[in-house]
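What follows is one structure encoded as structure tokens, with my remarks underneath.
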Amino acid sequence: MRAPKKRSRIKSGTPSGNTMTKTQNSRAWLFVLPVVALVAFNALVPLMTVVNYSVQETFGNNQFFWHGVGWFQDVLRSERFHAALGRQMLFTTIILLIEVPLGVMIALSMPRKGPWVSVCLVLMALPLLIPWNVVGAMWNIFALPDIGLLGYSLNAAGIPYDYTQQPLSAWFTVILMDVWHWTSLVVLLAYAGLISIPDAYYQAAKIDGAGNWAVFRHIQLPKMKRVLTIAILLRFMDSFMIYTEPFVLTGGGPGNSTTFLSIDLVKIALGQFDLGPAAAMSLIYFVITLLVSWVFYTAMTKDEQ
Amino acid sequence: MKARSLVPIIYIIFLMLPIYWLLNMSFKTTNEILGGFSLYPHEFTLENYVVIFTDPTWYWGYFNSLIYVSLNTVISVSAALPAAYAFSRYSFLGDKHLFFWLLTNRMAPPAVFALPFFQLYSAVELFDTHIAVALAHCLFNIPLAVWILEGFMSGIPKELDETAFVDGYSFPRFFTKIFLPNITSGVGVAAFFCFMFSWVELLLAKTLTAVEAKPIAATMTKTASSSGYELGLLAAAGCLTIIPGAIVIYFVRNYIAKGFALGRV
Amino acid sequence: MAEITLDKLRHQYAPGGEWALKEIDLKWQDGGAYALLGPSGCGKSTLLNIISGLLEPSEGHVLFDGQDVTGLPPDRRSIAQVFQFPVIYDTMTVYDNLAFPLRNRGVDAGTVDTRVREIAEMLELDEMLGRRAAGLTADNKQKISMGRGLVRQDVNVIMFDEPLTVIDPHLKWKLRSKLKELHQRVKVTMIYVTHDQTEALTFADQVVVMQAGEVVQTGTPVELFERPAHTFVGHFIGSPGMNVLPCEMRDGGAFVAGTHVPVAGTPKPRPEDKLEIGIRPEFIRFAGKGVPARIVNIADAGRSRVVEADVAGTRLHVILAEGATLPEGDTHLAFDPARTGLYANNWLVSA
């Protein structure tokens, strides 16, 4: 066993080179060629298409005219985009604030050994492997005000609830659905971090008279930091790109109350076929996602130099 | 029992409730569903499942999904293996930028690519084929597979490679006979994640298919919108989509925790 | 501070399984420096964890100053432990690490500060009090774990579980002598678990040698060296270890290879026992008469030479001091009678 050393390889941007000296080798390019080809085909060609659309105007008949940065200005000034972005930010913030602490709490209270570990893990991982539209459909049925367990119970308890009519109910349902769908990811990551802590740390803390909070604050949390960084990044990215589940559940409604960025984008692109604005919005959206991910990542890893 | 163990129990109950409700609905007749609220099926029926298993548009949906998911898993993992090896062992011109660029694709909202994908795959005449969906899903699965495998490979000491080359192994023989057996759990985890993300994704899969390769999940959306209120059928189809995931999780149950940490704990 | 009594301790990890500890009875004096020495898997770490309270024994009692603490958790026993791998709180500074056990016990800030500075000075950590503990070297990290035990004034015993495992060789002796010096300054009972005889013999006043879940001998380093109570102790301690030769008893005397060998005292073993002579390589000389032997091999060990000789099919080692002449071919060996022990079924038979 090696001493639990600080390893500075975790994610993003840098391959985990710090732990071993690597040979300079140009044959390496041969090895990465298939990956580059496949990803480039899927990423660069469509991206070029998007860029192309974003700077042109069309009046139908497949005729395009140069439009400069006009679409970008339009999108950035549009009320509609601001509203969707605002809803998106609010949604992502809320689910991060719920899922991360909740996931950590559940991971902390899980058994570390024994037959129940596998049972817990398998059951908890289940929501992660259900197709996203089935998640939406399932919650759609579960939350129906008249025949869904959730909707019926809430109404029976005297709480007026109808996610197809009341924006607040819709938000509540979308958030609860996301918590149901994704908290397990945080649990599993946090749990992986927890079981990697050697027993000696807990024993030392016991001898030092540390209470539960001190153990959490000074042992468990620092050791979970790496996996929690991954968890927060993944949850940020995926919730920021969310489309299918709320689309199936609420269709973005009632009104526009749950129209998040992706839903709005698809509405503009495929519903209204406004290719220029949709393309410009796509690029802005992509850049925001990248930017925020990068900010998150640097903020969470800054004291590791 | 300690109060502490209540937390996971309550959480698991919360997770199971919507699934139970879906199961409950799938065994009800349409009459009972529309008749009102009931905690369990009073007129238990398998009718909804019979429909799915006898109607080719339904059960082909399953096969279509499984075909493109399997194709994608094979393509993603086999392309990612040499690349991950290169990233973990060699330093080469632009390696860091390339790695970062790969990861940024994981951050590309599928909605952004939906329309261009449709046009691209129509242009290369792959529209409505399994391979189209399998290739499209490479966009986010390959970066993920490279990332996971690179993590596992970096845990293998470089001396292993050097010893093998000194012993006269050629590179392909070393890679398949010595290196791969050492990272089987990494390959398993990578395959699991590729399967998972390809299985659950729908936006691109739906955009790129019409009839021939239409995924089960898309068949469901169609049912929901076109033929009105066939909730029982919808629920039965939904229940069936949970099964492949459950089987896969069962197989990797002992690696789940480590796997989700992507080998980087 | 306390006297520690282990009363008929037995332990097994699984019911019906093998006994990791087979009945241990020991008394540790207050303020002593003890070592628990034995090969891997002999049960020494199990014993340590029972004393610290991390493990509850299957049978028997642990007494601190006559008080039964068998069921008490570690934090209520006032003990401290230093682990094999440095356990430090990564996110805290060195100062906060040292202050941690005191703060957890609600000690006021003034006292904390005095104690931390006092201990830091003792451990030569005062230069780095403000630094993040995570960036330190392994030996400094081990010093911090030690310091977390030393800051507490109520500590009954500080236990060390192979604390030098991850320390670079050239720093090992430095840390070890620091430990010895600390023991003399603070006079807290210290128990040092190790499989390394040098560490045990240089640190401890009393060494407890364990083998297969049993205590085979307790004694000062000199006693262990001069009068090993068990052939295992003879083998395990010393470099090379004690020579053990089969022998037989005739007319009240021991005979090896047909030659009479005088032994210490006048032991009277039972005739059915397996009898052996134990003699350390340091106490054998080449002589004109005595046990006939043939020299097989010579290894130069710097200041001395280690000669391997064959006595009637058994190999034994002789340490030849610097300058002594080496006979050639067949020769005879003389054993120092006062240092020659007779062992029956591996146990020393005294007069």
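Identifiers for the structure tokens are assigned positionally: chains receive A, B, ... in sequence, residues are indexed from 1 per chain, and ligands are indexed from 1 in the order shown.
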| task | Please return, as an MDAnalysis selection string, all residues of chain B lying within 6 Å of chain A when only C-alpha atoms are considered. | result | chainID B and resid 4 8 18 36:37 79 82:83 86 89:92 96 99:100 108:109 111:112 116 139 196 200 238 242 245 257:258 260:261 265
| query | Using the chain letters and numbers from this document, which residues of stretch 13-235 of chain A does DSSP assign to helix (DSSP H, G or I), as a VMD selection string? | reply | chain A and resid 17 to 19 28 to 54 70 to 77 79 to 109 116 to 129 132 to 143 149 to 156 167 to 195 199 to 207 212 to 235
| query | If we count only C-alpha atoms, which residues of chain A reach to within 9 Å of chain C? Please list them as JSON, numbers by chain. | reply | {"A": [2, 3, 4, 6, 200, 201, 203, 204, 205, 206, 207, 208, 209, 210, 211, 214, 218, 219, 222, 223]}
Atoms kept (N, CA and C atoms) for selection, written as a CSV table (one decimal), in the first residue's frame:
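Result written to out_30.csv:
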```csv
chain,number,residue,atom,x,y,z
A,2,ARG,N,0.5,2.2,-0.7
A,2,ARG,CA,1.3,3.5,-0.7
A,2,ARG,C,0.6,4.4,0.3
A,3,ALA,N,1.4,5.3,0.8
A,3,ALA,CA,0.9,6.4,1.6
A,3,ALA,C,-0.1,7.2,0.8
A,4,PRO,N,-1.2,7.6,1.4
A,4,PRO,CA,-2.1,8.4,0.6
A,4,PRO,C,-1.5,9.8,0.3
A,6,LYS,N,-0.7,13.1,-2.1
A,6,LYS,CA,-1.4,14.0,-2.9
A,6,LYS,C,-1.1,13.8,-4.4
A,200,ALA,N,-7.2,4.3,9.4
A,200,ALA,CA,-6.4,5.0,10.4
A,200,ALA,C,-6.8,6.5,10.6
A,201,TYR,N,-7.4,7.1,9.5
A,201,TYR,CA,-7.8,8.5,9.7
A,201,TYR,C,-9.0,8.6,10.7
A,203,GLN,N,-9.6,6.4,13.0
A,203,GLN,CA,-9.1,6.0,14.3
A,203,GLN,C,-8.3,7.2,15.0
A,204,ALA,N,-7.5,7.9,14.2
A,204,ALA,CA,-6.8,9.0,14.7
A,204,ALA,C,-7.8,10.1,15.2
A,205,ALA,N,-8.8,10.3,14.4
A,205,ALA,CA,-9.8,11.3,14.8
A,205,ALA,C,-10.5,10.9,16.1
A,206,LYS,N,-10.8,9.7,16.2
A,206,LYS,CA,-11.4,9.2,17.4
A,206,LYS,C,-10.5,9.5,18.7
A,207,ILE,N,-9.3,9.1,18.5
A,207,ILE,CA,-8.3,9.3,19.6
A,207,ILE,C,-8.1,10.8,19.9
A,208,ASP,N,-8.2,11.6,18.8
A,208,ASP,CA,-8.0,13.1,19.1
A,208,ASP,C,-9.3,13.7,19.6
A,209,GLY,N,-10.3,12.9,19.8
A,209,GLY,CA,-11.6,13.4,20.4
A,209,GLY,C,-12.4,14.2,19.5
A,210,ALA,N,-12.3,14.0,18.1
A,210,ALA,CA,-13.0,14.7,17.2
A,210,ALA,C,-14.5,14.3,17.1
A,211,GLY,N,-15.4,15.2,17.1
A,211,GLY,CA,-16.8,14.8,16.9
A,211,GLY,C,-17.2,14.6,15.5
A,214,ALA,N,-16.4,17.5,13.1
A,214,ALA,CA,-15.0,17.7,12.9
A,214,ALA,C,-14.4,16.6,12.0
A,218,HIS,N,-12.8,17.9,8.5
A,218,HIS,CA,-11.4,17.9,8.4
A,218,HIS,C,-10.9,16.6,7.7
A,219,ILE,N,-11.7,15.6,7.7
A,219,ILE,CA,-11.2,14.3,7.0
A,219,ILE,C,-12.1,14.0,5.8
A,222,PRO,N,-12.3,17.0,2.9
A,222,PRO,CA,-11.1,17.2,2.1
A,222,PRO,C,-10.9,16.0,1.2
A,223,LYS,N,-11.2,14.8,1.6
A,223,LYS,CA,-10.9,13.6,0.8
A,223,LYS,C,-11.9,13.4,-0.3
```
| Neighbour list for stretch 241-252 of chain C as a PyMOL selection string, cut-off 6 Å, only C-alpha atoms, skip fewer than 2 positions in-chain | chain C and resi 234-235+237-239+254-256+275-280+316
| field | Neighbour list for stretch 116-122 of chain C as a ChimeraX atom specification, cut-off 10 Å, only C-alpha atoms, skip fewer than 6 positions in-chain | value | /C:94-100,102,128-129,143-144,146-152,178,181-182,185
| said: What's the separation between atom CA of C:Thr137 and atom CA of B:Leu160, in Å to one decimal place? | reply: 28.4 Å
| Which neighbours of B:Phe63 fall inside 10 Å, counting only C-alpha atoms, when residues of the same chain fewer than 6 positions from it are skipped, and could you give them as a PyMOL selection string? | chain B and resi 69+213-216
Keeping only N, CA and C atoms, write the selected residues as a CSV table (one decimal), in the first residue's frame.
```
chain,number,residue,atom,x,y,z
B,69,VAL,N,-26.8,1.2,-29.5
B,69,VAL,CA,-26.1,1.4,-28.3
B,69,VAL,C,-24.9,0.5,-28.3
B,213,ALA,N,-34.5,2.8,-38.0
B,213,ALA,CA,-33.6,2.7,-36.8
B,213,ALA,C,-34.2,3.4,-35.6
B,214,LYS,N,-35.5,3.6,-35.6
B,214,LYS,CA,-36.2,4.4,-34.6
B,214,LYS,C,-36.0,3.7,-33.2
B,215,PRO,N,-35.5,4.5,-32.2
B,215,PRO,CA,-35.4,3.9,-30.9
B,215,PRO,C,-36.7,3.7,-30.2
B,216,ILE,N,-36.7,2.8,-29.2
B,216,ILE,CA,-37.9,2.5,-28.5
B,216,ILE,C,-38.4,3.8,-27.8
```
Fewer than 2 positions away in the same chain doesn't count, so skip those; otherwise give me all residues within 10 Å of stretch 63-71 of chain C, counting only C-alpha atoms, as an mmCIF file with N, CA and C atoms, in the first residue's frame.
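Saved as result_31.cif:
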```cif
data_model
loop_
_atom_site.group_PDB
_atom_site.id
_atom_site.type_symbol
_atom_site.label_atom_id
_atom_site.label_comp_id
_atom_site.auth_asym_id
_atom_site.auth_seq_id
_atom_site.Cartn_x
_atom_site.Cartn_y
_atom_site.Cartn_z
ATOM 1 N N MET C 1 -1.403 9.576 33.444
ATOM 2 C CA MET C 1 -0.432 8.483 33.414
ATOM 3 C C MET C 1 -0.956 7.324 34.235
ATOM 4 N N ALA C 2 -0.596 6.164 33.761
ATOM 5 C CA ALA C 2 -1.183 5.014 34.447
ATOM 6 C C ALA C 2 -0.357 3.757 34.236
ATOM 7 N N GLU C 3 -0.603 2.832 35.133
ATOM 8 C CA GLU C 3 -0.040 1.510 34.953
ATOM 9 C C GLU C 3 -1.060 0.703 34.160
ATOM 10 N N ILE C 4 -0.578 -0.030 33.180
ATOM 11 C CA ILE C 4 -1.511 -0.768 32.313
ATOM 12 C C ILE C 4 -1.384 -2.260 32.572
ATOM 13 N N THR C 5 -2.515 -2.894 32.867
ATOM 14 C CA THR C 5 -2.502 -4.331 33.110
ATOM 15 C C THR C 5 -3.355 -5.020 32.057
ATOM 16 N N LEU C 6 -2.795 -6.047 31.454
ATOM 17 C CA LEU C 6 -3.564 -6.861 30.523
ATOM 18 C C LEU C 6 -3.838 -8.178 31.228
ATOM 19 N N ASP C 7 -5.120 -8.480 31.387
ATOM 20 C CA ASP C 7 -5.492 -9.628 32.197
ATOM 21 C C ASP C 7 -6.160 -10.693 31.335
ATOM 22 N N LYS C 27 1.992 -6.595 32.460
ATOM 23 C CA LYS C 27 1.858 -5.390 33.269
ATOM 24 C C LYS C 27 2.853 -4.374 32.751
ATOM 25 N N TRP C 28 2.363 -3.166 32.400
ATOM 26 C CA TRP C 28 3.274 -2.133 31.904
ATOM 27 C C TRP C 28 3.354 -1.064 32.981
ATOM 28 N N GLN C 29 4.598 -0.786 33.426
ATOM 29 C CA GLN C 29 4.789 0.207 34.485
ATOM 30 C C GLN C 29 4.544 1.610 33.936
ATOM 31 N N ASP C 30 4.091 2.469 34.826
ATOM 32 C CA ASP C 30 3.857 3.865 34.467
ATOM 33 C C ASP C 30 5.174 4.517 34.053
ATOM 34 N N ILE C 50 -6.140 -3.257 20.906
ATOM 35 C CA ILE C 50 -6.949 -3.565 22.080
ATOM 36 C C ILE C 50 -6.629 -2.591 23.203
ATOM 37 N N ILE C 51 -5.345 -2.271 23.359
ATOM 38 C CA ILE C 51 -4.969 -1.315 24.407
ATOM 39 C C ILE C 51 -5.538 0.069 24.096
ATOM 40 N N SER C 52 -5.501 0.455 22.791
ATOM 41 C CA SER C 52 -5.989 1.797 22.472
ATOM 42 C C SER C 52 -7.514 1.862 22.456
ATOM 43 N N GLY C 53 -8.166 0.713 22.378
ATOM 44 C CA GLY C 53 -9.626 0.724 22.415
ATOM 45 C C GLY C 53 -10.262 0.726 21.046
ATOM 46 N N LEU C 55 -10.246 -1.824 19.283
ATOM 47 C CA LEU C 55 -10.704 -3.197 19.136
ATOM 48 C C LEU C 55 -11.088 -3.682 20.522
ATOM 49 N N GLU C 56 -12.196 -4.427 20.613
ATOM 50 C CA GLU C 56 -12.559 -4.976 21.913
ATOM 51 C C GLU C 56 -12.157 -6.457 21.952
ATOM 52 N N PRO C 57 -11.435 -6.886 22.981
ATOM 53 C CA PRO C 57 -10.965 -8.276 23.008
ATOM 54 C C PRO C 57 -12.130 -9.251 23.162
ATOM 55 N N GLU C 59 -11.972 -11.998 24.934
ATOM 56 C CA GLU C 59 -11.980 -12.385 26.350
ATOM 57 C C GLU C 59 -10.929 -11.575 27.083
ATOM 58 N N GLY C 60 -11.098 -11.439 28.402
ATOM 59 C CA GLY C 60 -10.100 -10.789 29.220
ATOM 60 C C GLY C 60 -10.350 -9.305 29.396
ATOM 61 N N HIS C 61 -9.458 -8.662 30.154
ATOM 62 C CA HIS C 61 -9.672 -7.263 30.528
ATOM 63 C C HIS C 61 -8.432 -6.432 30.321
ATOM 64 N N PRO C 73 -14.363 3.460 24.646
ATOM 65 C CA PRO C 73 -13.825 3.862 23.348
ATOM 66 C C PRO C 73 -12.503 4.622 23.518
ATOM 67 N N PRO C 74 -11.709 4.740 22.448
ATOM 68 C CA PRO C 74 -10.378 5.342 22.546
ATOM 69 C C PRO C 74 -10.378 6.737 23.167
ATOM 70 N N ARG C 76 -12.071 7.958 25.424
ATOM 71 C CA ARG C 76 -12.282 8.035 26.862
ATOM 72 C C ARG C 76 -11.198 7.311 27.640
ATOM 73 N N ARG C 77 -10.136 6.897 26.938
ATOM 74 C CA ARG C 77 -9.052 6.196 27.608
ATOM 75 C C ARG C 77 -7.837 7.093 27.822
ATOM 76 N N ASN C 156 -2.340 8.867 29.023
ATOM 77 C CA ASN C 156 -1.847 7.742 29.808
ATOM 78 C C ASN C 156 -0.688 7.039 29.122
ATOM 79 N N VAL C 157 -0.841 6.893 27.812
ATOM 80 C CA VAL C 157 0.153 6.130 27.071
ATOM 81 C C VAL C 157 0.128 6.586 25.610
#
```
| request: Mind giving me the straight-line distance from atom CA of B:Phe195 to atom CA of B:Leu17 in Å, one decimal? | output: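 Separation between atom CA of B:Phe195 and atom CA of B:Leu17: 25.1 Å.
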| message | Need the shell around C:Val306: protein/DNA/RNA residues with any atom at most 6 Å away, counting only C-alpha atoms. Skip same-chain ones fewer than 5 positions apart. Format as a VMD selection string? | response | chain C and resid 298 to 299 318 to 319
Residues from last step as file, C-alpha atoms, as a CSV table (one decimal), in the first residue's frame:
```csv
chain,number,residue,atom,x,y,z
C,298,ILE,CA,33.5,-16.6,5.5
C,299,ALA,CA,31.6,-13.3,5.1
C,318,VAL,CA,30.8,-17.7,14.5
C,319,ILE,CA,31.7,-14.1,14.9
```
DSSP-assigned strand (DSSP E or B) among stretch 162-297 of chain C, expressed as a compact mmCIF listing (two decimals) with C-alpha atoms, in the first residue's frame:
```txt
# COMPACT_ATOMS: atom_id res chain seq x y z
CA THR C 189 4.43 5.49 29.01
CA MET C 190 5.26 4.66 25.42
CA ILE C 191 4.58 1.42 23.58
CA TYR C 192 6.39 0.93 20.33
CA VAL C 193 5.28 -1.80 17.98
CA THR C 194 7.79 -2.97 15.40
CA GLN C 206 11.62 -3.41 28.23
CA VAL C 207 11.00 -5.44 25.11
CA VAL C 208 8.07 -7.81 24.77
CA VAL C 209 8.71 -10.42 22.10
CA MET C 210 5.65 -11.98 20.51
CA GLN C 211 5.21 -14.94 18.23
CA GLU C 214 1.81 -15.36 22.36
CA VAL C 215 4.34 -13.46 24.45
CA VAL C 216 7.51 -15.53 24.39
CA GLN C 217 9.71 -13.27 26.52
CA THR C 218 9.70 -9.93 28.27
CA GLY C 219 12.98 -8.38 29.29
CA HIS C 230 12.90 -19.27 23.69
CA ASN C 243 22.85 -20.94 16.83
CA VAL C 244 20.69 -23.88 17.81
CA LEU C 245 22.22 -27.37 17.79
CA PRO C 246 20.53 -30.65 18.61
CA GLU C 248 21.54 -35.23 24.05
CA MET C 249 21.84 -35.61 27.83
CA ARG C 250 24.14 -38.14 29.39
CA GLY C 253 25.77 -33.26 30.94
CA ALA C 254 24.90 -32.09 27.42
CA PHE C 255 26.63 -33.61 24.40
CA VAL C 256 26.85 -32.15 20.90
CA THR C 259 31.50 -33.84 22.65
CA HIS C 260 30.56 -32.70 26.13
CA VAL C 261 29.40 -29.09 26.19
CA LEU C 275 16.72 -30.99 23.47
CA GLU C 276 18.88 -28.31 21.91
CA ILE C 277 21.85 -26.15 22.76
CA GLY C 278 21.59 -22.42 22.08
CA ILE C 279 24.72 -20.33 21.69
CA ILE C 284 32.02 -19.00 20.26
CA ARG C 285 35.81 -19.18 19.84
CA PHE C 286 38.02 -21.38 17.67
CA ALA C 287 40.07 -23.60 19.92
CA VAL C 291 33.23 -29.48 19.26
CA PRO C 292 34.71 -30.58 15.94
CA ALA C 293 33.75 -28.34 13.04
CA ARG C 294 34.58 -27.59 9.42
CA ILE C 295 34.67 -24.05 8.04
CA VAL C 296 32.37 -23.63 5.07
CA ASN C 297 32.17 -19.95 4.33
```
